[in-house]
Each structure stands twice: as C-alpha cells, then as structure tokens.
Amino acid sequence: MAQSSKLRIAFIHPDLGIGGAERLVVDAALGLQSLGHSVDIYTSHHDRHHCFDETRDGRLCVHHVIPPLPRSLQGKFHIMFAHARQLHLTMHLICTSAHQYDVFFVDQLSTCIPFLRMFCGKRVVFYCHFPDKLLANGAYVEDRREKNVSILKYIYRFPMDWLEEVTMRQADLILANSKFTARVTKSHFASLEHQLKVVYPGINIKAYTSPIDLSDPDTIQTASQRRTLLSLNRFEMKKNAALAIEAFAILRNKDPKTSDVRLVLAGGYDPRLEDNIRTLKSLIELAQSSDLTYNVITPLQSRVAVPSFPKITLNEPDILFLLNFTTAQRSANEHFGIGPVEGMICGLPILACDSGGPTETVVDQPADQRTGWLYRPQPSVWAEALEEICNLSETDRKALSQRARDRAQKMFGMDAMARSLEEVLEEAVSMGLVSRTGTWLAVFGVLGLLAVLIFRYG
C-alpha cells in the first residue's frame with residue numbers, strides 16, 4: 001500500500017472508561033485522525049459521565065453497543081463474561097459495518113481476533129497492555145513465586161488463559177506498551193511465535209501545556225498554596241497506593257520542614273467495582289491510622305456520589321482523594337505507566353518503582369541526566385526520596401524540569417505514537433486479505449469453550 005493511502009480503522013475496546021488503557025486508545029485514535037485516517041471506536045461500555053471528554057464531545061466517533069450480558073455473576077466470573085460481551089460486540093460489528101474498514105485495532109481482550117479475520121477477511125493488529133493471565137492473582141511481580149490458588153480457581157482460569165493465548169496468536173501483528181511487557185508476554189505464552197514490537201503510549205502534549213483556567217470550579221476545589229505530592233492511578237489494590245500514604249506519613253514525622261506538604265491521590269473510581277470500593281476504604285483507614293487528615297471529592301459535574309466516611313477535613317487536609325478527575329507511579333512492575341510521562345511533560349520530579357515500564361521512561365542515573373528517581377517499593381526508602389525531592393534547590397529543580405520535558409516530548413509524544421501505529425497498520429494492510437485456512441479451528445474452539453462455560457456457570 002502506498003504511504004499516502006488513508007486507512008479506515010476500527011478500534012475495538014471493551015470498556016471506554018478513564019483508565020490508562022482508555023487514555024492510550026483515545027490518544028491513538030486522535031493521533032491517527034490527525035494523520036488523515038478515519039477511526040471509529042467500538043465498545044461494550046461507555047458512560048458519558050465517566051469517560052474522557054474526547055469520546056463524548058464529537059472529536060471521536062464512538063459506537064456504544066450495549067450487550068445483553070452482565071459484567072459478572074454475583075461479583076464473580078468477570079473474565080468469562082468479558083469474553084462473551086466482546087463476542088457480542090464483534091458479532092454486531094461483523095453484521096453491520098465491518099466491511100467498510102481496512103484494518104482492525106484490538107486491545108485488552110483478544111477474543112474477537114479470529115472472528116474478525118475469519119468473517120471479514122481483514123488484518124488485525126493487537127495491542128498488548130499486559131496479559132490478563134498474569135494479573136488474575138493480583139499484581140504481577142517479576143521473578144516472584146506464583147501464588148498458590150485453589151483447585152476450583154485453577155479449573156476456571158485454565159481455559160481462560162488458554163483462550164487468551166490461542167486468540168492472541170491469531171493476530172497478524174502484536175504490539176506491546178513496553179519492552180518489559182513484550183519480554184514477559186513472550187516468556188509466559190510459549191506458543192506465541194510473533195516478535196512483539198514496542199510502541200510506547202503517547203500523550204497529547206498540548207493538553208499539558210495549555211493555559212490553566214483558574215476560574216474553573218474543579219480547579220478551585222483542588223487548588224492549594226501548599227506544596228503538593230501527586231499520585232495518579234485507578235483505585236485498585238494492585239496499584240499499591242498505600243505505599244504513597246505510608247511514605248508520606250514517614251516523611252511528615254521525620255522532617256518538620258514538610259509540614260506544609262500535602263498528598264493528593266487522584267484516579268478513576270467506579271462504584272460498580274468492589275475492588276475500587278475496598279481500595280478507597282482501606283486507604284482512608286490507613287490515613288486515619290497514620291493521624292493524617294483527609295477529604296474525598298469528585299468533579300462537580302460527576303454523577304458518582306462521594307462515599308460517606310467519618311472525620312473528613314474540608315479545609316486543607318493532609319491527604320486529598322480525587323475520584324474520577326481525568327487530568328507518582330507506585331505499583332511495582334507497572335507494565336508501562338503513563339503517570340511518569342505525564343509528570344515529565346509538566347516538568348515535575350518523578351518517583352517511581354525500579355521495575356517494569358518506568359525503568360524505560362524515567363532516567364535515574366547519572367544524576368546530571370536525571371528526570372526522576374527509581375526505588376524499590378519500600379515506604380522508608382520512598383520517604384527518603386520524597387525528602388530529597390522536597391528539598392531540591394531552585395536551580396536543580398529547573399534543570400531537572402527541562403530534562404524531563406525534553407525527554408517526554410522526544411520519546412512519548414502523541415505524534416511519535418501515531419506515526420508508529422500508522423506504520424504498523426499499513427504493514428498489516430499490505431499483507432493482503434486473510435487466508436481463512438486454519439482460522440476455523442480457532443473460531444470453533446472459542447465458541448465451544450464459551451458455550452460450555454456459560455452453560456456450566458451461567
């Protein structure tokens with residue numbers, strides 16, 4: 001295909017909320033559109049009050065196909081229903097508009113890949129954020145011995161893990177968000193013969209360098225004259241936000257000069273998810289046990305009610321929890337971690353764990369090239385790093401800020417990601433139409449497995 005050819009691309013994403021994967025999908029779609037390509041996004045869930053602005057204000061074309069299936073059954077079997085919901089979305093696409101696209105871009109769930117190739121004859125590019133197989137028992141930590149699981153969970157997970165591997169390898173090209181993710185995926189999926197290409201998530205730099213509207217009500221309710229430590233991530237146990245609170249508590253007790261410092265914990269919060277509810281509750285209990293005052297707020301236009309907690313401090317709390325504001329990376333072995341890149345483009349010092357994707361985004365050594373600090377996830381160690389950051393001289397802070405901005409713009413801008421994705425998508429299309437030989441087996445295998453599981457557990 002000639003380089004000047006413009007592609008018609010369909011993105012398939014399961015839940016278009018406000019997480020890191022969703023930010024990548026939105027920025028990838030915007031970036032490809034800016035290069036002249038046509039992009040549509042298909043999803044099984046899109047709450048217009050819990051999503052990124054670009055997906056509801058007309059900048060992106062989103063097709064929300066509501067499935068007849070629940071997300072879970074009494075809080076269980078999430079992944080099984082996720083597969084089934086994606087197949088419903090895929091069948092809708094195949095029966096309505098799939099013929100108009102040149103190529104499909106799939107991420108998170110690979111279930112649909114053999115069906116798209118079989119019934120549409122088009123190429124599929126799969127973007128791997130991280131294998132679900134490795135997250136089923138909590139946060140993945142490289143080289144750590146796998147947790148023992150019950151025989152019932154093993155029986156349930158085995159076909160799910162098989163399904164993930166067998167459908168992923170049907171993709172024509174596979175991308176990963178970091179070298180870490182690519183290496184781990186290859187090592188745990190033995191039958192995967194693809195060479196995973198790394199395309200780092202990019203960010204919309206203009207969104208972080210635009211003037212701030214100080215009169216915006218949400219800006220007013222979050223602003224403070226106090227020095228601020230900011231941590232961005234979803235409220236999930238595996239993100240280990242407790243590390244930030246524990247390190248902050250040690251810092252406050254250790255250094256009297258940090259009494260004017262506050263901690264802001266911001267990220268996606270979905271009251272439908274038990275993990276989100278339990279995580280927020282545990283973090284607030286940790287703040288209370290550390291004798292730190294706190295408050296919990298949401299954007300003024302949010303339909304998510306603020307959960308009720310005792311002893312809230314409305315004026316200048318030590319910790320401010322921001323739920324679902326879409327504007328420090330604590331979890332170990334983070335697969336990529338967009339947070340550090342967002343911080344660098346803003347010229348802020350970064351503190352992240354010394355494993356996973358952040359080791360590819362943040363420069364810790366040598367000191368004269370530093371854009372942030374990488375340390376093992378231990379509260380006392382992080383407290384020392386925070387103390388060093390809080391006591392940076394103005395000269396050192398400005399120099400670090402410029403290095404961070406330069407690195408983020410050069411390596412992690414949306415333009416760079418869009419160009420890389422364009423190259424991969426054009427490569428996929430240049431392969432020609434799909435040969436259906438051998439794809440039938442994968443299709444029948446997926447359908448048969450899901451039918452058995454839904455009949456057995458549904």
# chains A, B, ... in the order shown; residues from 1 in each chain; ligands from 1
>>> closest_atom_pairs(of="region 246-315 of chain A", to="region 15-31 of chain A", cutoff="9 Å", atoms="only C-alpha atoms", output="Markdown table")
| residue | atom | partner | partner_atom | distance |
| --- | --- | --- | --- | --- |
| A:Gly267 | CA | A:Gly19 | CA | 8.1 |
| A:Gly268 | CA | A:Ile18 | CA | 6.1 |
| A:Tyr269 | CA | A:Ile18 | CA | 8.9 |
>>> write_last_selection(atoms="C-alpha atoms", output="short mmCIF file (atom, residue, chain, number, x, y, z; two decimals), in the first residue's frame")
data_model
loop_
_atom_site.label_atom_id
_atom_site.label_comp_id
_atom_site.auth_asym_id
_atom_site.auth_seq_id
_atom_site.Cartn_x
_atom_site.Cartn_y
_atom_site.Cartn_z
CA GLY A 267 -7.65 8.49 39.72
CA GLY A 268 -10.52 6.51 38.31
CA TYR A 269 -13.14 5.27 40.75
#
>>> closest_atom_pairs(of="region 10-58 of chain A", to="region 78-86 of chain A", cutoff="9 Å", atoms="only C-alpha atoms", output="CSV")
residue,atom,partner,partner_atom,distance
A:Ile12,CA,A:Gln86,CA,8.6
A:His13,CA,A:Gln86,CA,8.4
A:Pro14,CA,A:Gln86,CA,6.5
A:Thr43,CA,A:Gln86,CA,8.3
A:Ser44,CA,A:Arg85,CA,6.9
>>> closest_residue(among="A:Gln369, A:Arg123, A:Glu342, A:Cys61", to="Tyr208 (chain A)", atoms="only C-alpha atoms")
A:Glu342
>>> residues_around(residues="region 303-317 of chain A", least_positions_apart="2", cutoff="12 Å", atoms="only C-alpha atoms", output="MDAnalysis selection string")
chainID A and resid 47:51 221:228 259:264 268:272 276:278 280:285 287:288 291:301 319:325
>>> write_last_selection(atoms="C-alpha atoms", output="mmCIF file, in the first residue's frame")
data_model
loop_
_atom_site.group_PDB
_atom_site.id
_atom_site.type_symbol
_atom_site.label_atom_id
_atom_site.label_comp_id
_atom_site.auth_asym_id
_atom_site.auth_seq_id
_atom_site.Cartn_x
_atom_site.Cartn_y
_atom_site.Cartn_z
ATOM 1 C CA ASP A 47 -20.769 6.054 30.353
ATOM 2 C CA ARG A 48 -20.828 9.653 29.109
ATOM 3 C CA HIS A 49 -20.434 10.832 32.711
ATOM 4 C CA HIS A 50 -17.398 8.612 33.349
ATOM 5 C CA CYS A 51 -15.182 8.955 30.296
ATOM 6 C CA GLN A 221 -11.820 22.992 44.758
ATOM 7 C CA THR A 222 -8.485 21.214 44.248
ATOM 8 C CA ALA A 223 -6.076 24.170 44.345
ATOM 9 C CA SER A 224 -3.876 24.918 47.350
ATOM 10 C CA GLN A 225 -0.912 27.102 48.269
ATOM 11 C CA ARG A 226 0.702 24.101 49.957
ATOM 12 C CA ARG A 227 3.426 22.079 48.264
ATOM 13 C CA THR A 228 1.791 19.040 46.692
ATOM 14 C CA SER A 259 4.524 20.228 57.487
ATOM 15 C CA ASP A 260 3.241 22.362 54.598
ATOM 16 C CA VAL A 261 3.291 19.435 52.171
ATOM 17 C CA ARG A 262 0.067 17.651 51.223
ATOM 18 C CA LEU A 263 -0.568 14.412 49.308
ATOM 19 C CA VAL A 264 -3.141 14.204 46.523
ATOM 20 C CA GLY A 268 -10.519 6.513 38.305
ATOM 21 C CA TYR A 269 -13.142 5.270 40.755
ATOM 22 C CA ASP A 270 -16.070 3.118 39.663
ATOM 23 C CA PRO A 271 -18.696 2.306 42.334
ATOM 24 C CA ARG A 272 -19.711 -0.745 40.274
ATOM 25 C CA ASN A 276 -12.442 0.157 43.847
ATOM 26 C CA ILE A 277 -14.699 0.373 46.893
ATOM 27 C CA ARG A 278 -12.444 -1.774 49.074
ATOM 28 C CA LEU A 280 -10.604 3.517 48.786
ATOM 29 C CA LYS A 281 -11.886 2.335 52.167
ATOM 30 C CA SER A 282 -8.534 0.741 53.054
ATOM 31 C CA LEU A 283 -6.598 3.863 52.025
ATOM 32 C CA ILE A 284 -8.760 6.089 54.198
ATOM 33 C CA GLU A 285 -8.327 3.722 57.130
ATOM 34 C CA ALA A 287 -4.666 7.699 56.562
ATOM 35 C CA GLN A 288 -6.627 7.693 59.808
ATOM 36 C CA ASP A 291 -3.001 10.515 62.065
ATOM 37 C CA LEU A 292 -3.343 12.258 58.703
ATOM 38 C CA THR A 293 -6.413 14.353 57.923
ATOM 39 C CA TYR A 294 -8.216 13.739 54.647
ATOM 40 C CA ASN A 295 -11.048 14.715 52.336
ATOM 41 C CA VAL A 296 -12.750 12.958 49.400
ATOM 42 C CA ILE A 297 -14.131 14.883 46.408
ATOM 43 C CA THR A 298 -15.318 14.312 42.847
ATOM 44 C CA PRO A 299 -15.701 16.703 39.885
ATOM 45 C CA LEU A 300 -18.723 18.953 40.388
ATOM 46 C CA GLN A 301 -20.397 17.522 37.264
ATOM 47 C CA ILE A 319 -4.451 13.975 52.001
ATOM 48 C CA LEU A 320 -6.945 14.806 49.280
ATOM 49 C CA PHE A 321 -8.615 11.919 47.438
ATOM 50 C CA LEU A 322 -9.816 12.966 43.971
ATOM 51 C CA LEU A 323 -12.233 10.491 42.423
ATOM 52 C CA ASN A 324 -12.519 10.492 38.630
ATOM 53 C CA PHE A 325 -10.557 13.623 37.836
#
>>> residues_around(residues="region 188-192 of chain A", least_positions_apart="3", cutoff="9 Å", atoms="only C-alpha atoms", output="NGL selection string")
:A and (131 or 133-134 or 165-166 or 168-169 or 183-185 or 195)
>>> closest_residue(among="A:Val434, A:Met417, A:Ile205, A:Asp218", to="Arg405 (chain A)", atoms="only C-alpha atoms")
A:Ile205
>>> select_by_dssp(residues="region 123-310 of chain A", states="strand (DSSP E)", output="count of residues only")
29
>>> closest_residue(among="A:Ser5, A:Cys95, A:Leu173, A:Ile113", to="Met431 (chain A)", atoms="only C-alpha atoms")
A:Leu173
>>> select_by_dssp(residues="region 244-393 of chain A", states="alpha helix (DSSP H)", output="PyMOL selection string")
chain A and resi 244-254+274-289+338-345+358-361+379-390
>>> closest_residue(among="A:Met237, A:Leu273, A:Leu433, A:Ala352", to="Leu116 (chain A)", atoms="only C-alpha atoms")
A:Leu433
